[in-house]
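Asker: File upload-v1.tsv follows (TSV, C-alpha atoms):
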chain	number	residue	atom	x	y	z
W	21	MET	CA	-57.58	172.70	-42.13
W	22	ASP	CA	-55.19	169.78	-42.56
W	23	ILE	CA	-52.10	171.53	-41.19
W	24	GLU	CA	-49.54	169.11	-42.59
W	25	GLN	CA	-51.02	169.16	-46.07
W	26	TYR	CA	-51.30	172.95	-45.99
W	27	MET	CA	-47.68	173.36	-44.91
W	28	LEU	CA	-46.44	170.98	-47.60
W	29	GLN	CA	-48.28	173.07	-50.19
W	30	VAL	CA	-46.74	176.24	-48.78
W	31	GLY	CA	-43.31	174.63	-48.91
W	32	ALA	CA	-43.71	173.45	-52.50
W	33	ARG	CA	-44.80	176.93	-53.60
W	34	ALA	CA	-41.84	178.49	-51.76
W	35	ARG	CA	-39.36	176.11	-53.39
W	36	ALA	CA	-40.71	176.95	-56.86
W	37	ALA	CA	-40.61	180.67	-56.09
W	38	ALA	CA	-37.05	180.39	-54.77
W	39	ARG	CA	-35.88	179.07	-58.13
W	40	GLN	CA	-37.39	182.10	-59.85
W	41	LEU	CA	-36.03	184.54	-57.30
W	42	ALA	CA	-32.49	183.18	-57.62
W	43	ALA	CA	-32.55	184.38	-61.23
W	44	ALA	CA	-34.48	187.62	-60.63
W	45	SER	CA	-32.78	190.86	-61.60
W	46	THR	CA	-31.66	193.39	-59.03
W	47	ARG	CA	-33.92	195.91	-60.77
W	48	ALA	CA	-37.02	193.74	-60.27
W	49	LYS	CA	-36.22	193.08	-56.62
W	50	ASN	CA	-35.64	196.77	-55.94
W	51	GLN	CA	-38.84	197.68	-57.76
W	52	ALA	CA	-40.76	195.30	-55.49
W	53	LEU	CA	-39.15	196.70	-52.35
W	54	ASN	CA	-39.87	200.32	-53.25
W	55	ALA	CA	-43.46	199.41	-54.12
W	56	MET	CA	-43.79	197.71	-50.74
W	57	ALA	CA	-42.55	200.89	-49.02
W	58	GLN	CA	-45.09	202.98	-50.92
W	59	ALA	CA	-47.84	200.55	-49.92
W	60	VAL	CA	-46.82	200.69	-46.25
W	61	ARG	CA	-47.07	204.49	-46.29
W	62	ALA	CA	-50.36	204.45	-48.19
W	63	ARG	CA	-51.84	201.90	-45.79
W	64	ALA	CA	-50.23	203.26	-42.62
W	65	GLN	CA	-53.54	203.95	-40.88
W	66	THR	CA	-54.84	200.49	-41.77
W	67	ILE	CA	-51.69	198.97	-40.24
W	68	LEU	CA	-52.02	201.11	-37.11
W	69	ASP	CA	-55.71	200.24	-36.71
W	70	ALA	CA	-54.96	196.53	-37.06
W	71	ASN	CA	-52.12	196.86	-34.56
W	72	ALA	CA	-54.31	198.72	-32.07
W	73	ALA	CA	-56.80	195.84	-32.22
W	74	ASP	CA	-53.97	193.34	-31.64
W	75	VAL	CA	-52.61	195.32	-28.69
W	76	ALA	CA	-56.03	195.65	-27.08
W	77	ALA	CA	-56.66	191.90	-27.41
W	78	ALA	CA	-53.19	191.07	-26.12
W	79	ARG	CA	-53.58	193.35	-23.11
W	80	ALA	CA	-56.95	191.76	-22.33
W	81	ASN	CA	-55.33	188.33	-22.53
W	82	GLY	CA	-52.66	189.34	-20.01
W	83	LEU	CA	-49.64	189.59	-22.32
W	84	ASP	CA	-46.63	190.81	-20.32
W	85	ASP	CA	-45.19	194.29	-20.69
W	86	ALA	CA	-42.11	193.19	-22.65
W	87	MET	CA	-44.26	191.42	-25.26
W	88	LEU	CA	-46.68	194.36	-25.43
W	89	ASP	CA	-43.71	196.65	-26.08
W	90	ARG	CA	-42.59	194.45	-28.96
W	91	LEU	CA	-46.10	194.20	-30.35
W	92	THR	CA	-46.96	197.90	-30.35
W	93	LEU	CA	-46.50	199.98	-33.49
W	94	GLY	CA	-46.71	203.75	-33.79
W	95	ALA	CA	-46.60	206.15	-36.71
W	96	ARG	CA	-42.83	206.42	-36.34
W	97	SER	CA	-42.29	202.66	-36.39
W	98	VAL	CA	-44.49	202.28	-39.49
W	99	GLU	CA	-42.42	204.97	-41.23
W	100	GLN	CA	-39.24	203.18	-40.14
W	101	MET	CA	-40.68	200.02	-41.67
W	102	ALA	CA	-41.06	201.83	-45.00
W	103	GLN	CA	-37.59	203.34	-44.71
W	104	GLY	CA	-36.15	199.91	-43.96
W	105	LEU	CA	-37.64	198.54	-47.19
W	106	GLU	CA	-36.14	201.45	-49.13
W	107	GLN	CA	-32.76	201.06	-47.46
W	108	VAL	CA	-32.62	197.39	-48.40
W	109	ALA	CA	-33.46	198.38	-51.99
W	110	MET	CA	-30.45	200.74	-51.97
W	111	LEU	CA	-28.03	198.12	-50.66
W	112	PRO	CA	-25.77	196.26	-53.08
W	113	ASP	CA	-27.25	192.98	-54.30
W	114	PRO	CA	-25.03	190.17	-52.98
W	115	VAL	CA	-26.43	187.52	-55.33
W	116	GLY	CA	-24.01	186.62	-58.10
W	117	GLU	CA	-21.12	188.52	-56.55
W	118	MET	CA	-17.85	186.76	-57.42
W	119	GLY	CA	-14.39	187.13	-55.93
W	120	ASP	CA	-11.35	185.52	-54.28
W	121	PHE	CA	-10.09	184.30	-57.63
W	122	LYS	CA	-6.75	182.54	-57.79
W	123	ARG	CA	-4.95	181.08	-60.76
W	124	ARG	CA	-3.86	177.53	-59.99
W	125	PRO	CA	-0.71	175.85	-61.43
W	126	SER	CA	-2.97	173.75	-63.65
W	127	GLY	CA	-4.16	176.92	-65.37
W	128	ILE	CA	-7.71	176.97	-63.97
W	129	LEU	CA	-9.07	180.10	-62.32
W	130	VAL	CA	-10.81	179.28	-59.02
W	131	GLY	CA	-13.10	181.62	-57.10
W	132	LYS	CA	-16.40	181.90	-55.25
W	133	MET	CA	-19.86	183.21	-56.11
W	134	ARG	CA	-22.47	184.32	-53.59
W	135	VAL	CA	-25.82	182.55	-53.93
W	136	PRO	CA	-29.16	182.53	-52.06
W	137	LEU	CA	-29.79	179.96	-49.33
W	138	GLY	CA	-33.11	179.06	-50.97
W	139	VAL	CA	-36.17	179.01	-48.70
W	140	VAL	CA	-36.02	180.75	-45.31
W	141	GLY	CA	-38.61	180.03	-42.63
W	142	ILE	CA	-39.04	182.75	-40.02
W	143	ILE	CA	-40.98	182.09	-36.81
W	144	TYR	CA	-41.56	185.12	-34.64
W	145	GLU	CA	-43.57	186.38	-31.71
W	146	ALA	CA	-45.17	189.78	-31.20
W	147	ARG	CA	-42.95	191.89	-33.48
W	148	PRO	CA	-45.05	192.76	-36.57
W	149	ASN	CA	-42.19	194.78	-38.08
W	150	VAL	CA	-40.43	191.45	-38.67
W	151	THR	CA	-42.95	190.77	-41.44
W	152	ALA	CA	-41.59	193.68	-43.47
W	153	ASP	CA	-37.95	193.24	-42.46
W	154	ALA	CA	-37.91	189.54	-43.26
W	155	ALA	CA	-39.70	190.02	-46.56
W	156	ALA	CA	-37.21	192.71	-47.60
W	157	LEU	CA	-34.04	190.87	-46.70
W	158	CYS	CA	-35.15	187.51	-48.07
W	159	LEU	CA	-36.34	189.04	-51.33
W	160	LYS	CA	-33.19	191.12	-51.92
W	161	SER	CA	-30.97	188.12	-51.17
W	162	GLY	CA	-32.93	185.97	-53.63
W	163	ASN	CA	-34.63	183.78	-51.05
W	164	ALA	CA	-38.27	182.78	-50.74
W	165	ALA	CA	-39.69	183.38	-47.27
W	166	ILE	CA	-42.27	181.53	-45.20
W	167	LEU	CA	-43.34	183.75	-42.31
W	168	ARG	CA	-45.17	182.47	-39.25
W	169	GLY	CA	-46.05	185.28	-36.86
W	170	GLY	CA	-47.59	184.89	-33.43
W	171	SER	CA	-51.35	184.87	-32.89
W	172	GLU	CA	-51.05	188.09	-30.84
W	173	ALA	CA	-49.98	190.00	-34.00
W	174	LEU	CA	-52.24	188.31	-36.55
W	175	ARG	CA	-54.11	191.44	-37.69
W	176	SER	CA	-50.92	193.52	-37.89
W	177	ASN	CA	-49.07	190.86	-39.85
W	178	GLN	CA	-51.92	190.46	-42.32
W	179	ALA	CA	-52.05	194.22	-42.92
W	180	ILE	CA	-48.29	194.35	-43.58
W	181	ALA	CA	-48.44	191.19	-45.70
W	182	ALA	CA	-50.94	192.93	-47.98
W	183	CYS	CA	-48.32	195.63	-48.63
W	184	VAL	CA	-45.70	192.98	-49.37
W	185	ALA	CA	-48.02	191.25	-51.82
W	186	GLU	CA	-48.70	194.57	-53.55
W	187	GLY	CA	-44.98	195.11	-54.03
W	188	LEU	CA	-44.45	191.65	-55.49
W	189	ARG	CA	-47.28	192.20	-57.97
W	190	ALA	CA	-45.85	195.56	-59.02
W	191	ALA	CA	-42.56	193.92	-59.97
W	192	GLN	CA	-44.19	190.81	-61.48
W	193	LEU	CA	-42.40	188.55	-59.02
W	194	PRO	CA	-44.04	185.32	-57.80
W	195	ALA	CA	-46.65	185.79	-55.08
W	196	ALA	CA	-45.18	182.82	-53.23
W	197	ALA	CA	-41.86	184.65	-52.83
W	198	VAL	CA	-43.18	185.76	-49.43
W	199	GLN	CA	-45.90	183.70	-47.79
W	200	VAL	CA	-47.39	184.68	-44.44
W	201	LEU	CA	-49.04	181.61	-42.96
W	202	GLU	CA	-52.81	181.79	-42.71
W	203	THR	CA	-52.81	179.77	-39.50
W	204	THR	CA	-51.36	180.41	-36.04
W	205	ASP	CA	-51.78	176.76	-35.07
W	206	ARG	CA	-48.65	175.63	-33.20
W	207	ALA	CA	-48.68	172.43	-35.23
W	208	ALA	CA	-47.68	174.46	-38.29
W	209	VAL	CA	-44.37	175.31	-36.62
W	210	GLY	CA	-43.63	171.64	-36.05
W	211	VAL	CA	-44.15	170.88	-39.73
W	212	LEU	CA	-42.27	173.96	-40.96
W	213	VAL	CA	-39.08	173.09	-39.08
W	214	ALA	CA	-39.17	169.47	-40.21
W	215	MET	CA	-39.44	169.64	-43.99
W	216	PRO	CA	-35.88	169.93	-45.33
W	217	GLN	CA	-37.12	169.11	-48.82
W	218	TYR	CA	-38.66	172.59	-48.93
W	219	VAL	CA	-36.92	174.70	-46.26
W	220	ASP	CA	-33.20	175.47	-46.14
W	221	VAL	CA	-32.90	177.44	-42.88
W	222	ILE	CA	-35.13	178.46	-39.96
W	223	VAL	CA	-34.81	181.77	-38.12
W	224	PRO	CA	-36.74	181.91	-34.82
W	225	ARG	CA	-37.36	185.31	-33.23
W	226	GLY	CA	-39.05	185.12	-29.87
W	227	GLY	CA	-38.72	183.98	-26.30
W	228	LYS	CA	-36.30	181.40	-25.01
W	229	GLY	CA	-39.03	178.75	-24.84
W	230	LEU	CA	-39.88	179.14	-28.52
W	231	ILE	CA	-36.27	179.04	-29.61
W	232	GLU	CA	-35.45	176.00	-27.46
W	233	ARG	CA	-38.44	174.16	-28.92
W	234	ILE	CA	-37.44	174.96	-32.49
W	235	SER	CA	-33.80	174.02	-31.88
W	236	ARG	CA	-34.97	170.72	-30.44
W	237	GLU	CA	-37.43	169.82	-33.18
W	238	ALA	CA	-35.79	171.29	-36.29
W	239	ARG	CA	-34.51	169.03	-39.04
W	240	VAL	CA	-33.05	172.00	-40.93
W	241	PRO	CA	-30.32	174.45	-39.82
W	242	VAL	CA	-31.39	177.13	-37.32
W	243	ILE	CA	-29.97	180.67	-37.00
W	244	LYS	CA	-30.72	181.68	-33.42
W	245	HIS	CA	-29.91	183.27	-30.12
W	246	LEU	CA	-31.43	182.07	-26.85
W	247	ASP	CA	-30.72	185.05	-24.57
W	248	GLY	CA	-29.69	188.66	-24.73
W	249	ASN	CA	-27.92	189.03	-21.38
W	250	CYS	CA	-25.92	192.10	-22.38
W	251	HIS	CA	-23.32	193.89	-20.25
W	252	VAL	CA	-21.79	197.33	-19.99
W	253	TYR	CA	-18.45	197.47	-18.15
W	254	VAL	CA	-17.38	200.91	-16.88
W	255	ASP	CA	-13.59	200.79	-16.75
W	256	GLU	CA	-11.35	202.68	-14.33
W	257	PHE	CA	-10.35	204.89	-17.28
W	258	ALA	CA	-13.93	205.67	-18.33
W	259	HIS	CA	-14.97	209.23	-19.10
W	260	PRO	CA	-17.68	209.90	-16.46
W	261	ASP	CA	-20.11	211.68	-18.79
W	262	LYS	CA	-19.81	208.97	-21.43
W	263	ALA	CA	-20.28	206.29	-18.80
W	264	LEU	CA	-23.44	207.91	-17.46
W	265	ALA	CA	-24.97	208.45	-20.90
W	266	ILE	CA	-24.16	204.95	-22.18
W	267	ALA	CA	-25.19	203.08	-19.04
W	268	VAL	CA	-28.52	204.92	-18.85
W	269	ASN	CA	-29.31	204.56	-22.56
W	270	ALA	CA	-28.31	200.90	-22.73
W	271	LYS	CA	-30.85	200.06	-20.03
W	272	THR	CA	-33.66	202.57	-20.26
W	273	GLN	CA	-34.00	203.52	-23.94
W	274	ARG	CA	-36.15	200.39	-24.33
W	275	TYR	CA	-36.58	197.52	-21.89
W	276	GLY	CA	-37.98	194.68	-23.99
W	277	THR	CA	-35.24	194.22	-26.58
W	278	CYS	CA	-32.49	191.62	-26.81
W	279	ASN	CA	-29.74	194.28	-26.97
W	280	THR	CA	-30.81	196.03	-23.76
W	281	MET	CA	-28.20	195.98	-20.97
W	282	GLU	CA	-29.18	193.56	-18.20
W	283	SER	CA	-25.98	193.72	-16.10
W	284	LEU	CA	-23.82	196.73	-15.25
W	285	LEU	CA	-20.23	196.16	-14.15
W	286	LEU	CA	-18.19	198.99	-12.62
W	287	HIS	CA	-14.51	199.12	-11.75
W	288	ALA	CA	-14.03	199.64	-8.02
W	289	ALA	CA	-12.00	202.79	-8.65
W	290	VAL	CA	-14.95	204.63	-10.22
W	291	ALA	CA	-17.91	202.99	-8.48
W	292	GLU	CA	-18.10	205.40	-5.55
W	293	ALA	CA	-18.24	208.42	-7.84
W	294	LEU	CA	-20.52	207.01	-10.54
W	295	LEU	CA	-22.84	204.41	-9.06
W	296	PRO	CA	-24.87	206.71	-6.77
W	297	ARG	CA	-25.41	209.11	-9.70
W	298	LEU	CA	-26.46	206.26	-11.97
W	299	ALA	CA	-28.68	204.73	-9.31
W	300	ALA	CA	-30.53	208.04	-8.83
W	301	ILE	CA	-31.34	208.14	-12.55
W	302	TYR	CA	-32.37	204.48	-12.69
W	303	LEU	CA	-34.59	204.76	-9.61
W	304	GLU	CA	-36.21	207.91	-10.97
W	305	LYS	CA	-37.06	205.96	-14.13
W	306	GLY	CA	-38.49	203.07	-12.11
W	307	VAL	CA	-35.66	200.60	-12.61
W	308	GLU	CA	-35.26	198.03	-9.82
W	309	LEU	CA	-31.59	197.54	-8.91
W	310	ARG	CA	-30.14	194.23	-7.71
W	311	GLY	CA	-26.52	194.30	-6.69
W	312	CYS	CA	-23.54	192.74	-5.00
W	313	ALA	CA	-22.61	193.67	-1.41
W	314	ALA	CA	-20.18	196.39	-2.52
W	315	ALA	CA	-22.81	197.97	-4.78
W	316	ARG	CA	-25.46	197.84	-2.04
W	317	ALA	CA	-23.09	199.59	0.35
W	318	LEU	CA	-23.08	202.57	-2.05
W	319	VAL	CA	-26.81	202.45	-2.87
W	320	PRO	CA	-28.95	201.47	0.15
W	321	GLN	CA	-32.13	201.18	-1.98
W	322	MET	CA	-30.56	198.38	-4.02
W	323	HIS	CA	-31.82	194.81	-3.50
W	324	GLU	CA	-29.49	191.86	-3.01
W	325	ALA	CA	-28.60	190.08	-6.25
W	326	THR	CA	-28.83	186.30	-6.30
W	327	GLU	CA	-26.69	184.02	-8.42
W	328	SER	CA	-29.53	183.66	-10.92
W	329	ASP	CA	-29.67	187.44	-11.43
W	330	TRP	CA	-26.29	187.43	-13.16
W	331	TYR	CA	-27.67	184.99	-15.76
W	332	THR	CA	-31.04	186.67	-16.31
W	333	GLU	CA	-32.33	188.47	-19.38
W	334	TYR	CA	-34.99	190.54	-17.63
W	335	LEU	CA	-36.59	192.31	-20.62
W	336	ALA	CA	-37.95	194.59	-17.90
W	337	PRO	CA	-36.91	197.60	-15.78
W	338	ILE	CA	-34.60	195.49	-13.60
W	339	LEU	CA	-30.81	195.77	-13.60
W	340	ALA	CA	-28.10	193.64	-11.99
W	341	VAL	CA	-25.08	195.61	-10.73
W	342	ARG	CA	-21.64	194.32	-9.73
W	343	ILE	CA	-18.46	196.12	-8.71
W	344	VAL	CA	-15.33	194.38	-10.00
W	345	PRO	CA	-11.66	194.87	-9.06
W	346	ASP	CA	-10.24	195.06	-12.58
W	347	LEU	CA	-10.74	194.48	-16.31
W	348	ALA	CA	-9.91	190.78	-16.05
W	349	ALA	CA	-12.67	190.26	-13.50
W	350	ALA	CA	-15.15	192.04	-15.77
W	351	ILE	CA	-14.20	189.82	-18.70
W	352	ASP	CA	-14.46	186.70	-16.52
W	353	HIS	CA	-17.93	187.76	-15.34
W	354	ILE	CA	-19.15	188.30	-18.90
W	355	GLU	CA	-17.77	184.97	-20.07
W	356	THR	CA	-19.27	183.15	-17.09
W	357	TYR	CA	-22.75	184.67	-17.11
W	358	GLY	CA	-23.19	186.28	-20.52
W	359	SER	CA	-25.07	185.02	-23.55
W	360	HIS	CA	-22.50	186.04	-26.20
W	361	HIS	CA	-24.91	188.59	-27.67
W	362	THR	CA	-23.64	192.15	-27.09
W	363	ASP	CA	-21.23	193.54	-24.51
W	364	ALA	CA	-19.64	196.98	-24.18
W	365	ILE	CA	-16.75	198.66	-22.41
W	366	VAL	CA	-16.57	202.36	-21.52
W	367	THR	CA	-12.93	203.42	-21.37
W	368	GLU	CA	-10.43	205.98	-22.63
W	369	ASN	CA	-7.62	203.43	-22.39
W	370	HIS	CA	-6.90	202.03	-25.86
W	371	SER	CA	-5.10	198.91	-24.64
W	372	HIS	CA	-7.99	198.08	-22.29
W	373	ALA	CA	-10.46	198.55	-25.16
W	374	MET	CA	-8.45	196.26	-27.45
W	375	ARG	CA	-8.06	193.66	-24.71
W	376	PHE	CA	-11.82	193.70	-24.11
W	377	ILE	CA	-12.58	193.31	-27.82
W	378	ALA	CA	-10.16	190.40	-28.14
W	379	ALA	CA	-11.23	188.56	-24.99
W	380	VAL	CA	-15.02	188.92	-24.98
W	381	ASP	CA	-16.47	186.20	-27.20
W	382	SER	CA	-19.73	187.88	-28.20
W	383	ALA	CA	-21.45	188.50	-31.50
W	384	SER	CA	-21.09	192.27	-31.01
W	385	VAL	CA	-18.42	193.89	-28.82
W	386	MET	CA	-18.51	197.66	-28.38
W	387	VAL	CA	-16.24	200.42	-27.13
W	388	ASN	CA	-17.83	203.61	-25.78
W	389	ALA	CA	-21.25	202.96	-27.30
W	390	SER	CA	-24.63	201.75	-26.08
W	391	THR	CA	-25.51	198.09	-26.57
W	392	ARG	CA	-28.77	199.31	-28.12
W	393	PHE	CA	-26.86	199.85	-31.36
W	394	ALA	CA	-26.60	196.07	-31.90
W	395	ASP	CA	-29.24	196.08	-34.58
W	396	GLY	CA	-29.32	195.47	-38.32
W	397	PHE	CA	-30.81	198.88	-39.11
W	398	GLU	CA	-28.16	200.67	-37.02
W	399	TYR	CA	-25.37	198.55	-38.54
W	400	GLY	CA	-26.33	199.66	-42.05
W	401	LEU	CA	-27.93	196.37	-43.06
W	402	GLY	CA	-31.24	198.09	-43.80
W	403	ALA	CA	-32.92	195.66	-41.43
W	404	GLU	CA	-32.12	192.30	-39.92
W	405	ILE	CA	-33.60	188.85	-40.14
W	406	GLY	CA	-32.49	188.27	-36.56
W	407	ILE	CA	-29.40	188.27	-34.36
W	408	SER	CA	-27.31	185.15	-34.19
W	409	THR	CA	-25.11	184.11	-31.29
W	410	ASP	CA	-24.10	181.00	-33.21
W	411	LYS	CA	-20.74	180.92	-34.96
W	412	VAL	CA	-21.89	179.00	-38.04
W	413	HIS	CA	-23.12	180.15	-40.49
W	414	ALA	CA	-23.86	183.75	-39.49
W	415	ARG	CA	-23.13	185.79	-36.35
W	416	GLY	CA	-24.57	189.00	-34.96
W	417	PRO	CA	-27.27	190.91	-36.88
W	418	VAL	CA	-28.07	188.83	-39.95
W	419	GLY	CA	-28.58	190.88	-43.08
W	420	LEU	CA	-28.26	190.17	-46.79
W	421	GLU	CA	-24.87	188.48	-46.68
W	422	GLY	CA	-26.00	186.24	-43.81
W	423	LEU	CA	-28.86	185.01	-45.99
W	424	THR	CA	-26.52	183.85	-48.73
W	425	SER	CA	-23.97	181.11	-49.13
W	426	GLN	CA	-21.07	180.68	-51.52
W	427	LYS	CA	-20.29	178.16	-54.17
W	428	TRP	CA	-16.99	177.53	-55.90
W	429	VAL	CA	-16.74	178.55	-59.54
W	430	VAL	CA	-13.97	177.47	-61.88
W	431	PHE	CA	-13.02	179.04	-65.23
W	432	GLY	CA	-10.81	177.04	-67.54
W	433	ASN	CA	-9.55	176.98	-71.09
W	434	GLY	CA	-9.65	173.28	-71.89
W	435	GLU	CA	-7.47	172.18	-68.97
W	436	ILE	CA	-7.65	168.50	-68.00
W	437	ARG	CA	-6.26	166.81	-64.93
W	438	GLY	CA	-3.28	164.59	-65.55
As structure tokens, how would this structure be written, given the file I've shared?
Answerer:
Amino acid sequence: MDIEQYMLQVGARARAAARQLAAASTRAKNQALNAMAQAVRARAQTILDANAADVAAARANGLDDAMLDRLTLGARSVEQMAQGLEQVAMLPDPVGEMGDFKRRPSGILVGKMRVPLGVVGIIYEARPNVTADAAALCLKSGNAAILRGGSEALRSNQAIAACVAEGLRAAQLPAAAVQVLETTDRAAVGVLVAMPQYVDVIVPRGGKGLIERISREARVPVIKHLDGNCHVYVDEFAHPDKALAIAVNAKTQRYGTCNTMESLLLHAAVAEALLPRLAAIYLEKGVELRGCAAARALVPQMHEATESDWYTEYLAPILAVRIVPDLAAAIDHIETYGSHHTDAIVTENHSHAMRFIAAVDSASVMVNASTRFADGFEYGLGAEIGISTDKVHARGPVGLEGLTSQKWVVFGNGEIRG
């Protein structure tokens, strides 16, 4: 296969499909999404069998535990995939939405209209559910999608892509509206990110190495985050039961996700009462603890944390722990070592909560809730195309609105400029 020629053909088809999708009715898009959901349920066993083959091959090839966790599908996750498609169908269609109108002294009426970005390229590793999520969000927002999954999920992605294609046919929408690349050759990524004539934005979902490479090579805008070094700070005014539940869930509910807590900060006034209780739960669950000297004095089984630990996104059952003297120190730690992804405070003090929200410069900032909620599905977006720690053009979980732009529209009645 001539990779460059193949990718140019894919891009040309996507650009043509994007023009059709921009004018597609909400009814047609929703019909396609609901048909995709029906196909996912009807083909659930086929998807699971394909995924089992991918997981077995990946395990044999030595894929690490975090990547295996992301790769593995179960009956529940396939059903969630179908539900995600249906939820996106139920969301308001942002395309064509107009607002912010103002009458100018000249007499013209000036406002904005929401429009698709055009063609979205998504490059992802391991997570086969991204195939369905990306297809849903791009389609509903009027964008054509070019999806390049990792070789470790090839069978899973192809099985899900068949469901997507079935939905597009049911609604008589162009087949090229969602194209899953037929090659896992790394050269295809290099071409995809460097053809601005066909692609309007790239969304990478994978490890830091992949995202750094794409950011370096891309000739089109990239919506990205490099790390998910998320923090939970337990304030001196924290409710103990809430603190325990949140700190345990944020770390142990799932280890291999970007919104999993990697560093726990505790105010010195509550550390003696809470940290030994937390440590007992973590150690029982097999979590390795790495802490500062004050934390190790309270938990003898804890290892010494190095400077690099405070920066690390483990994606594994490892947790960095630091005891801080006050709220300001917690905020300083997060700003120094964090990745601006998701950070939470546990406190019953309203002024402390508001200060934390204002001072922590992250895409998601939470009060008395687990960082694991930083997710498009949980935020009511139906699904997400990814999570952005950039500030332009989208930030946090990127849903339908993040996949659109705005253009100015002007209504007049014969006005001319003097």
Asker: With distances taken over only C-alpha atoms, which of W:Ala314, W:Ala379, W:Val198, W:Val240 is nearest to Val211 in chain W?
Answerer: W:Val240
Asker: List as a ChimeraX atom specification the protein and nucleic acid residues near range 257-273 of chain W, meaning an atom at most 6 Å away when only C-alpha atoms are counted, but skip any in the same chain fewer than 5 places from it.
Answerer: /W:280-281,366-369,390-392
Asker: At most 9 Å from (-13.5, 178.1, -62.7), file frame, only C-alpha atoms: which residues, as a list of chain:residue names?
Answerer: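 Every polymer residue passing the test: W:Phe121, W:Ile128, W:Leu129, W:Val130, W:Gly131, W:Lys132, W:Trp428, W:Val429, W:Val430, W:Phe431, W:Gly432.
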Asker: Do you know which residues lie at most 12 Å from (-41.9, 193.5, -41.0), with coordinates as in the file and only C-alpha atoms counted, and could you write them as a PyMOL selection string?
Answerer: chain W and resi 56-57+60+67+91+93+97-105+142+144-158+167-169+173+176-184+198+200+402-406
Asker: What lies within 8 Å of Glu308 in chain W using all atoms listed in the file, ignoring chain neighbours under 2 positions off, as a VMD selection string?
Answerer: chain W and resid 302 to 303 306 310 322 to 323 337 to 339
